[in-house]
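Here the structure is laid out as structure tokens; the discussion comes afterwards.
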Amino acid sequence: MTNTTHLPAGPHTRLTIISAASALGAPHPGSAAAAQYLRSNGLSERLSNAGIHAEWSDAVRPTQPPAHMEGTEDMAARLEACAAFARRLADRLAVLDPDAFPLILGGDHAIAAGTWRGIGRRADGAPGLIWIDAHLDSHTAESTHSGNIHGMPLAALLGEGDRSLVGIPGPRLDPARVCVIGARAWEAEEHERLTQLGVRIFDMNEIRERGLPAVFCDALTIVRGSGSQPGFGLSLDVDALDPLAVPAVTCPAPEGIDPQALADVLLTLRTCGDFIAMEITEYRPDLDTDGRSGDWVAEIACAALGPGSYWLREKERHFGASNYAPLPVVFHRGEGVWLWDVEGRRYLDMMSAYSAVSFGHGHPRLLRALEDQARRLALTSRAFSNDRLPLLLERMCGLFGFERALPVNTGLEAVETALKAARKWAYTVKGVAADKAEIIACDGNFHGRSIAIVGLSASEQYRDGFGPFPPGLRRIPFGDSAALEAAITPETAAFLVEPIQGEGGIIVPPAGYLARCAEICRRHRVLLIADEVQTGLGRTGRLLACDHDGVRPDGLILGKALGGGLLPVSAFLADREVMDVFHPGDHGSTFGGNPLGAAVALEVLALLAEGSPWKRADQLGERLRSRLEAAKLPSVREIRGRGLLIGIAIDPNIASAASVAETLLARGIATRDTTGNVIRLAPPLIIDEATLDDSADTVIDTLAALGG
């Protein structure tokens with residue numbers, strides 16, 4: 001029996017969730033049910049899937065909830081009821097297990113008067129506090145025009161206002177360590193008083209001017225103080241968020257914080273060991289007809305409280321096989337050409353997942369196709385037909401000019417499919433003797449890592465320890481058509497070639513090479529099979545890289561970009577003479593041609609046909625190459641590639657490409673080195689000129705610093 005070793009928990013991976021089920025201070029009781037609703041709708045599961053272990057404490061409820069307090073004429077009675085609840089909440093928090101991180105779910109924002117006094121007692125001192133709210137919540141019984149008690153808690157925490165709220169046991173907040181983010185609706189008396197006390201207010205105008213990340217960075221500096229003080233907490237009133245995105249709140253105010261932007265900046269908290277508590281209030285499940293608002297509450301909690309890079313990388317290292325050596329970053333989210341890591345840092349994606357993310361991360365049309373089809377039908381296996389695959393097959397054949405297509409999942413599977421097709425064609429059509437068919441590939445190739453395919457590889461690492469390999473696999477130099485002619489024998493079934501070698505170092509063959517190879521293959525009745533898994537679908541400045549030489553191969557292998565960066569979708573295309581060697585049972589895949597993948601691939605092909613993105617890729621690639629060449633960098637031996645598939649060959653006497661990739665990562669550009677000490681630059685095809693130019697500046701500056 002294997003013993004499982006568990007690594008230490010991350011800083012916020014053990015949560016105690018406390019439901020503060022009170023809306024005594026609000027104009028409506030709906031927020032009192034928020035925590036229970038979130039619990040029954042999968043908050044625990046979402047936290048667990050984010051690496052956070054959550055334990056639910058018994059809910060804190062009003063002892064005698066009256067008919068809703070907002071209609072009660074006796075303000076003193078209402079205040080006392082709210083204060084009594086806040087005292088009980090503070091007492092609960094003060095004695096919470098010291099190893100637990102408290103997540104308090106309201107309830108209306110009046111509960112904060114108890115939350116942060118209790119946290120202060122637990123921390124032996126007043127915490128700093130980030131107060132994220134559309135309102136300033138600093139009314140007093142004398143100054144408020146509305147009479148809403150849930151608008152009083154921040155004032156009470158600072159020692160201002162009614163004695164029943166101010167008198168809750170626990171240290172008062174230090175206004176020098178308190179800031180408000182997102183305010184856009186207040187009464188003049190509140191703003192004036194907070195300003196006099198020294199509370200920093202970052203209103204929505206400042207957020208729009210400076211950006212939320214810059215504001216949040218300043219806020220962290222304020223609430224963390226000198227470093228010798230107790231930690232800090234965060235109180236979020238959900239009405240701080242834009243009500244068009246998050247409408248289910250008690251007191252909505254227009255033009256609020258974008259919820260995704262807030263989730264992104266809250267990732268920063270994962271590295272803050274002095275972040276000691278979080279509170280979320282004013283969510284109204286009774287108004288959440290489509291569940292969007294509750295989803296954002298869960299997303300925000302997971303963003304702030306999830307594990308950081310070190311913990312996640314240690315988990316991967318400890319429990320995962322060592323077949324990859326990823327760069328020191330853990331990505332959490334992607335949008336367009338950008339990636340965010342689990343600490344909220346943003347990076348420009350200059351890898352596109354080895355060309356798989358051609359249309360960027362989360363393209364809305366591709367997401368819609370995925371979501372619509374996932375709700376309808378995801379998988380049946382090929383034992384049955386589905387209504388998406390026939391349309392995909394027709395569109396692929398029409399766009400690429402072949403008579404048949406065979407769908408599978410990964411690029412490796414498509415290459416294996418092509419090899420099987422070529423061998424069976426050789427035996428049944430060309431007349432090669434049984435078990436004698438040969439496949440020719442090129443030195444420096446990368447077609448995948450199956451046993452058969454690494455048998456074609458020249459890389460010792462790819463081959464070491466995996467033999468014996470299937471017979472009939474040969475290699476020739478890449479870019480040398482004479483070597484192809486010399487290698488062909490009567491038993492040669494196919495020549496498998498990448499029009500541009502991607503993993504081989506972004507190697508572009510001499511002009512006319514593929515055209516000469518195509519003529520040689522026709523003359524010797526050998527199949528020319530083009531592996532366009534990394535080069536196809538517009539990346540090189542043409543729809544297919546073969547188009548640069550005007551070549552139509554006998555077999556075409558597609559993958560990566562065909563799945564839109566969402567799913568593994570690949571295919572082998574050929575005419576009937578080749579494809580009809582397959583009969584039912586000869587080849588197959590449970591997931592190959594599944595309706596979910598087919599729906600996404602259909603939308604990918606539609607985007608290709610409508611937008612011809614290869615034209616922009618050609619222009620932008622030339623722009624990027626020109627910038628790099630004009631810099632005349634001493635550390636660079638060569639710049640090569642086509643379209644938005646560019647390689648920068650680094651002089652190994654000056655630096656390793658691996659170290660350059662790490663430096664670029666530290667400067668916000670995500671890419672990797674490849675064979676031959678080469679840095680790959682392959683952004684999504686949707687990148688705009690300004691972003692591309694900025695990236696070129698960063699790359700040039702980084703390489704210039706190497707000297708040479």
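Starting from 1 in every chain, residues are counted up; chains themselves are A, B, ... following the order of the structure tokens, and ligands are numbered from 1 as listed.
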Neighbour list for Leu544 of chain A as JSON, numbers by chain, cut-off 9 Å, only C-alpha atoms, skip fewer than 5 positions in-chain: {"A": [400, 499, 532, 535, 536, 537, 538, 539, 614]}
Same residues, N, CA, C and O atoms, output as a PDB file, in the first residue's frame:
```pdb
ATOM      1  N   PHE A 400      -9.677  23.336 -46.956  1.00  0.00           N
ATOM      2  CA  PHE A 400      -8.302  22.924 -47.226  1.00  0.00           C
ATOM      3  C   PHE A 400      -8.152  22.147 -48.528  1.00  0.00           C
ATOM      4  O   PHE A 400      -7.030  21.824 -48.912  1.00  0.00           O
ATOM      5  N   PRO A 499       6.608  22.079 -42.684  1.00  0.00           N
ATOM      6  CA  PRO A 499       7.004  23.168 -43.596  1.00  0.00           C
ATOM      7  C   PRO A 499       7.959  24.167 -42.944  1.00  0.00           C
ATOM      8  O   PRO A 499       8.802  24.751 -43.613  1.00  0.00           O
ATOM      9  N   GLU A 532       1.327  20.226 -40.149  1.00  0.00           N
ATOM     10  CA  GLU A 532       1.082  21.657 -39.914  1.00  0.00           C
ATOM     11  C   GLU A 532       0.420  21.886 -38.554  1.00  0.00           C
ATOM     12  O   GLU A 532      -0.335  22.834 -38.372  1.00  0.00           O
ATOM     13  N   THR A 535       2.245  25.031 -37.501  1.00  0.00           N
ATOM     14  CA  THR A 535       2.391  26.094 -38.506  1.00  0.00           C
ATOM     15  C   THR A 535       1.084  26.456 -39.194  1.00  0.00           C
ATOM     16  O   THR A 535       1.010  27.479 -39.868  1.00  0.00           O
ATOM     17  N   GLY A 536       0.050  25.648 -39.030  1.00  0.00           N
ATOM     18  CA  GLY A 536      -1.166  25.854 -39.798  1.00  0.00           C
ATOM     19  C   GLY A 536      -2.122  26.873 -39.217  1.00  0.00           C
ATOM     20  O   GLY A 536      -1.928  27.420 -38.134  1.00  0.00           O
ATOM     21  N   LEU A 537      -3.178  27.129 -39.970  1.00  0.00           N
ATOM     22  CA  LEU A 537      -4.295  27.993 -39.582  1.00  0.00           C
ATOM     23  C   LEU A 537      -3.852  29.434 -39.360  1.00  0.00           C
ATOM     24  O   LEU A 537      -4.193  30.080 -38.376  1.00  0.00           O
ATOM     25  N   GLY A 538      -3.079  29.938 -40.312  1.00  0.00           N
ATOM     26  CA  GLY A 538      -2.801  31.358 -40.380  1.00  0.00           C
ATOM     27  C   GLY A 538      -1.559  31.852 -39.687  1.00  0.00           C
ATOM     28  O   GLY A 538      -1.187  33.012 -39.862  1.00  0.00           O
ATOM     29  N   ARG A 539      -0.883  31.037 -38.937  1.00  0.00           N
ATOM     30  CA  ARG A 539       0.215  31.552 -38.113  1.00  0.00           C
ATOM     31  C   ARG A 539       1.379  32.083 -38.931  1.00  0.00           C
ATOM     32  O   ARG A 539       2.002  33.096 -38.549  1.00  0.00           O
ATOM     33  N   TRP A 614      -4.411  35.360 -41.392  1.00  0.00           N
ATOM     34  CA  TRP A 614      -3.048  35.171 -41.856  1.00  0.00           C
ATOM     35  C   TRP A 614      -2.505  36.442 -42.525  1.00  0.00           C
ATOM     36  O   TRP A 614      -1.293  36.659 -42.534  1.00  0.00           O
TER      37      TRP A 614
END
```
Selection near segment 482-497 of chain A, 8 Å with only C-alpha atoms, sequence-local residues under 6 positions removed, as a ChimeraX atom specification: /A:422-423,425-426,432-433,436-442,445,476,517,520-521,524,526-531
Near segment 321-344 of chain A, 12 Å: segment 635-678 of chain A residue rows, closest pairs, only C-alpha atoms, as JSON lines:
```
{"residue": "A:Ala658", "atom": "CA", "partner": "A:Leu327", "partner_atom": "CA", "distance": 9.2}
{"residue": "A:Ser659", "atom": "CA", "partner": "A:Leu327", "partner_atom": "CA", "distance": 10.1}
{"residue": "A:Val660", "atom": "CA", "partner": "A:Leu327", "partner_atom": "CA", "distance": 11.4}
{"residue": "A:Ala661", "atom": "CA", "partner": "A:Leu327", "partner_atom": "CA", "distance": 8.4}
{"residue": "A:Glu662", "atom": "CA", "partner": "A:Leu327", "partner_atom": "CA", "distance": 6.9}
{"residue": "A:Thr663", "atom": "CA", "partner": "A:Leu327", "partner_atom": "CA", "distance": 10.6}
{"residue": "A:Leu664", "atom": "CA", "partner": "A:Leu327", "partner_atom": "CA", "distance": 10.9}
{"residue": "A:Leu665", "atom": "CA", "partner": "A:Val329", "partner_atom": "CA", "distance": 8.3}
{"residue": "A:Ala666", "atom": "CA", "partner": "A:Val329", "partner_atom": "CA", "distance": 9.4}
{"residue": "A:Gly668", "atom": "CA", "partner": "A:Leu339", "partner_atom": "CA", "distance": 9.4}
{"residue": "A:Ile669", "atom": "CA", "partner": "A:Trp338", "partner_atom": "CA", "distance": 9.4}
{"residue": "A:Ala670", "atom": "CA", "partner": "A:Leu339", "partner_atom": "CA", "distance": 8.4}
{"residue": "A:Thr671", "atom": "CA", "partner": "A:Leu327", "partner_atom": "CA", "distance": 9.2}
{"residue": "A:Arg672", "atom": "CA", "partner": "A:Leu327", "partner_atom": "CA", "distance": 8.2}
{"residue": "A:Asp673", "atom": "CA", "partner": "A:Leu327", "partner_atom": "CA", "distance": 10.4}
```
Non-local contacts of Asp174 of chain A (9 Å; only C-alpha atoms; under 6 positions in same chain excluded) as a ChimeraX atom specification: /A:126-128,158,199
Segment 88-97 of chain A surroundings by only C-alpha atoms, 12 Å radius, close-in-sequence under 4 positions cut, as a ChimeraX atom specification: /A:14-22,55,57-63,81-84,101-107,110-125,165,167-171,276-279
Would you put the residues from that selection into a file with C-alpha atoms, as a compact mmCIF listing (two decimals), in the first residue's frame?
```txt
# COMPACT_ATOMS: atom_id res chain seq x y z
CA ARG A 14 -7.65 26.16 5.90
CA LEU A 15 -10.71 28.35 6.18
CA THR A 16 -13.39 28.65 8.77
CA ILE A 17 -16.48 30.13 7.17
CA ILE A 18 -18.82 31.97 9.49
CA SER A 19 -22.29 32.81 8.31
CA ALA A 20 -23.34 36.15 9.79
CA ALA A 21 -27.01 35.62 8.96
CA SER A 22 -28.30 39.05 9.85
CA GLU A 55 -14.92 24.28 7.39
CA SER A 57 -18.88 27.09 11.60
CA ASP A 58 -22.36 27.29 13.07
CA ALA A 59 -24.15 30.33 11.75
CA VAL A 60 -24.47 33.41 13.95
CA ARG A 61 -28.10 34.53 13.87
CA PRO A 62 -30.14 37.26 15.59
CA THR A 63 -31.55 35.92 18.83
CA ALA A 81 -30.54 44.83 18.05
CA CYS A 82 -27.75 45.32 15.50
CA ALA A 83 -25.18 45.90 18.23
CA ALA A 84 -26.27 42.80 20.14
CA PHE A 101 -8.40 31.84 8.49
CA PRO A 102 -11.85 33.42 9.01
CA LEU A 103 -14.10 34.11 6.02
CA ILE A 104 -17.19 35.94 7.22
CA LEU A 105 -20.18 35.88 4.92
CA GLY A 106 -22.96 38.37 5.58
CA GLY A 107 -25.57 39.50 5.96
CA ALA A 110 -23.77 46.34 9.63
CA ILE A 111 -22.17 43.03 10.69
CA ALA A 112 -18.74 44.62 10.08
CA ALA A 113 -19.07 46.48 13.38
CA GLY A 114 -18.68 43.10 15.06
CA THR A 115 -16.38 41.38 12.54
CA TRP A 116 -13.41 43.70 12.88
CA ARG A 117 -13.67 44.21 16.61
CA GLY A 118 -13.60 40.43 17.01
CA ILE A 119 -10.66 40.09 14.60
CA GLY A 120 -8.84 42.81 16.55
CA ARG A 121 -9.28 40.86 19.78
CA ARG A 122 -8.05 37.72 18.06
CA ALA A 123 -4.99 39.57 16.69
CA ASP A 124 -4.25 41.42 19.96
CA GLY A 125 -4.54 44.75 18.19
CA LEU A 165 -22.19 50.18 17.94
CA GLY A 167 -19.05 50.05 22.37
CA ILE A 168 -18.61 46.55 20.93
CA PRO A 169 -15.60 45.06 22.75
CA GLY A 170 -12.36 45.15 20.77
CA PRO A 171 -9.76 47.66 19.59
CA ILE A 276 -5.74 37.73 8.50
CA ALA A 277 -9.46 37.84 7.65
CA MET A 278 -11.97 38.49 4.86
CA GLU A 279 -15.59 39.59 4.96
```
Pull the closest atom pair for each residue of segment 171-191 of chain A that gets at most 10 Å from segment 256-262 of chain A, along with the distance in Å to one decimal, counting only C-alpha atoms, ordering rows by chain and then ascending residue number, as a tab-separated table.
```
residue	atom	partner	partner_atom	distance
A:Ile181	CA	A:Ile257	CA	9.3
A:Gly182	CA	A:Ile257	CA	6.6
A:Ala183	CA	A:Gly256	CA	8.4
A:Arg184	CA	A:Gly256	CA	7.8
```
Would you save the residues from that selection as a PDB file, in the first residue's frame, using C-alpha atoms?
```
ATOM      1  CA  ILE A 181     -11.835  51.520  -2.442  1.00  0.00           C
ATOM      2  CA  GLY A 182     -14.580  52.009  -5.016  1.00  0.00           C
ATOM      3  CA  ALA A 183     -16.700  54.690  -3.318  1.00  0.00           C
ATOM      4  CA  ARG A 184     -19.042  56.584  -5.609  1.00  0.00           C
TER       5      ARG A 184
END
```
Contact residues around His139 of chain A with only C-alpha atoms at 12 Å, ignoring same-chain residues under 3 positions, as a PyMOL selection string: chain A and resi 110+135-136+142-162+165+186-194
How would the residues just picked look written out with N, CA and C atoms as a short mmCIF file (atom, residue, chain, number, x, y, z; two decimals), in the first residue's frame?
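Dumped everything to selection31.cif:
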```cif
data_model
loop_
_atom_site.label_atom_id
_atom_site.label_comp_id
_atom_site.auth_asym_id
_atom_site.auth_seq_id
_atom_site.Cartn_x
_atom_site.Cartn_y
_atom_site.Cartn_z
N ALA A 110 -23.78 45.99 8.21
CA ALA A 110 -23.77 46.34 9.63
C ALA A 110 -23.01 45.31 10.46
N HIS A 135 -20.21 52.77 -1.03
CA HIS A 135 -20.59 53.79 -0.06
C HIS A 135 -19.50 53.91 1.01
N LEU A 136 -19.53 54.97 1.75
CA LEU A 136 -18.52 55.18 2.79
C LEU A 136 -18.91 54.57 4.13
N GLU A 142 -26.78 60.94 14.09
CA GLU A 142 -27.06 62.37 13.98
C GLU A 142 -26.91 62.87 12.54
N SER A 143 -25.98 62.31 11.79
CA SER A 143 -25.68 62.87 10.48
C SER A 143 -26.44 62.21 9.34
N THR A 144 -26.88 60.96 9.49
CA THR A 144 -27.45 60.26 8.36
C THR A 144 -28.77 60.86 7.93
N HIS A 145 -28.93 60.93 6.61
CA HIS A 145 -30.21 61.37 6.06
C HIS A 145 -31.14 60.19 5.80
N SER A 146 -30.56 59.01 5.66
CA SER A 146 -31.36 57.85 5.27
C SER A 146 -31.83 57.01 6.44
N GLY A 147 -31.08 57.01 7.55
CA GLY A 147 -31.43 56.16 8.68
C GLY A 147 -31.00 54.73 8.52
N ASN A 148 -30.25 54.38 7.47
CA ASN A 148 -29.81 53.00 7.27
C ASN A 148 -28.68 52.65 8.22
N ILE A 149 -28.91 51.69 9.08
CA ILE A 149 -27.88 51.32 10.04
C ILE A 149 -26.72 50.63 9.33
N HIS A 150 -27.01 49.92 8.24
CA HIS A 150 -25.91 49.25 7.55
C HIS A 150 -24.98 50.27 6.88
N GLY A 151 -25.31 51.57 6.96
CA GLY A 151 -24.41 52.62 6.52
C GLY A 151 -23.57 53.21 7.63
N MET A 152 -23.57 52.60 8.81
CA MET A 152 -22.86 53.16 9.96
C MET A 152 -21.61 52.39 10.41
N PRO A 153 -21.34 51.17 9.93
CA PRO A 153 -20.33 50.35 10.62
C PRO A 153 -18.91 50.89 10.55
N LEU A 154 -18.48 51.49 9.45
CA LEU A 154 -17.11 51.96 9.38
C LEU A 154 -16.88 53.09 10.38
N ALA A 155 -17.85 53.98 10.49
CA ALA A 155 -17.74 55.04 11.49
C ALA A 155 -17.62 54.43 12.89
N ALA A 156 -18.45 53.44 13.17
CA ALA A 156 -18.43 52.82 14.50
C ALA A 156 -17.09 52.16 14.78
N LEU A 157 -16.50 51.49 13.77
CA LEU A 157 -15.21 50.84 13.96
C LEU A 157 -14.11 51.85 14.25
N LEU A 158 -14.30 53.10 13.78
CA LEU A 158 -13.34 54.16 14.03
C LEU A 158 -13.64 54.94 15.30
N GLY A 159 -14.72 54.52 16.02
CA GLY A 159 -15.06 55.17 17.27
C GLY A 159 -16.04 56.32 17.14
N GLU A 160 -16.74 56.39 16.02
CA GLU A 160 -17.68 57.47 15.76
C GLU A 160 -19.10 56.93 15.75
N GLY A 161 -20.06 57.71 16.29
CA GLY A 161 -21.46 57.35 16.15
C GLY A 161 -22.08 56.83 17.42
N ASP A 162 -23.13 56.03 17.25
CA ASP A 162 -23.94 55.57 18.37
C ASP A 162 -23.13 54.69 19.33
N LEU A 165 -23.07 50.76 18.96
CA LEU A 165 -22.19 50.18 17.94
C LEU A 165 -20.72 50.44 18.26
N TRP A 186 -22.03 58.90 -1.58
CA TRP A 186 -21.88 59.19 -0.16
C TRP A 186 -22.59 60.49 0.18
N GLU A 187 -22.75 60.71 1.47
CA GLU A 187 -23.25 61.99 1.96
C GLU A 187 -22.06 62.83 2.40
N ALA A 188 -22.17 64.12 2.22
CA ALA A 188 -21.04 65.02 2.42
C ALA A 188 -20.42 64.88 3.81
N GLU A 189 -21.29 64.69 4.82
CA GLU A 189 -20.78 64.58 6.19
C GLU A 189 -19.85 63.38 6.36
N GLU A 190 -20.18 62.27 5.69
CA GLU A 190 -19.33 61.07 5.79
C GLU A 190 -17.94 61.34 5.24
N HIS A 191 -17.90 61.86 4.02
CA HIS A 191 -16.62 62.09 3.36
C HIS A 191 -15.76 63.05 4.16
N GLU A 192 -16.40 64.12 4.64
CA GLU A 192 -15.66 65.11 5.41
C GLU A 192 -15.08 64.51 6.68
N ARG A 193 -15.89 63.69 7.38
CA ARG A 193 -15.42 63.12 8.64
C ARG A 193 -14.29 62.12 8.42
N LEU A 194 -14.43 61.24 7.45
CA LEU A 194 -13.36 60.27 7.18
C LEU A 194 -12.07 60.96 6.78
#
```
Nearest candidate to Phe402 of chain A (options A:His318, A:Arg542, A:Arg642, A:Arg552; using only C-alpha atoms):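 Comparing A:His318, A:Arg542, A:Arg642, A:Arg552 against Phe402 of chain A, the winner is A:Arg552.
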Expected answer as a VMD selection string: alpha helix (DSSP H) residues in segment 308-365 of chain A: chain A and resid 309 to 319 352 to 355 364 to 365
Who sits within 7 Å of Val636 of chain A, only C-alpha atoms, same chain under 4 positions skipped, as an MDAnalysis selection string: chainID A and resid 648:651
Which of segment 435-681 of chain A fall in strand (DSSP E), as a PyMOL selection string: chain A and resi 438-442+473-476+492-497+527-531+555-558+570-574+636-642+645-650+669-670+673-674+678-681
Distance in Å - atom CA of Leu473 of chain A versus atom CA of Asn409 of chain A: 23.8 Å
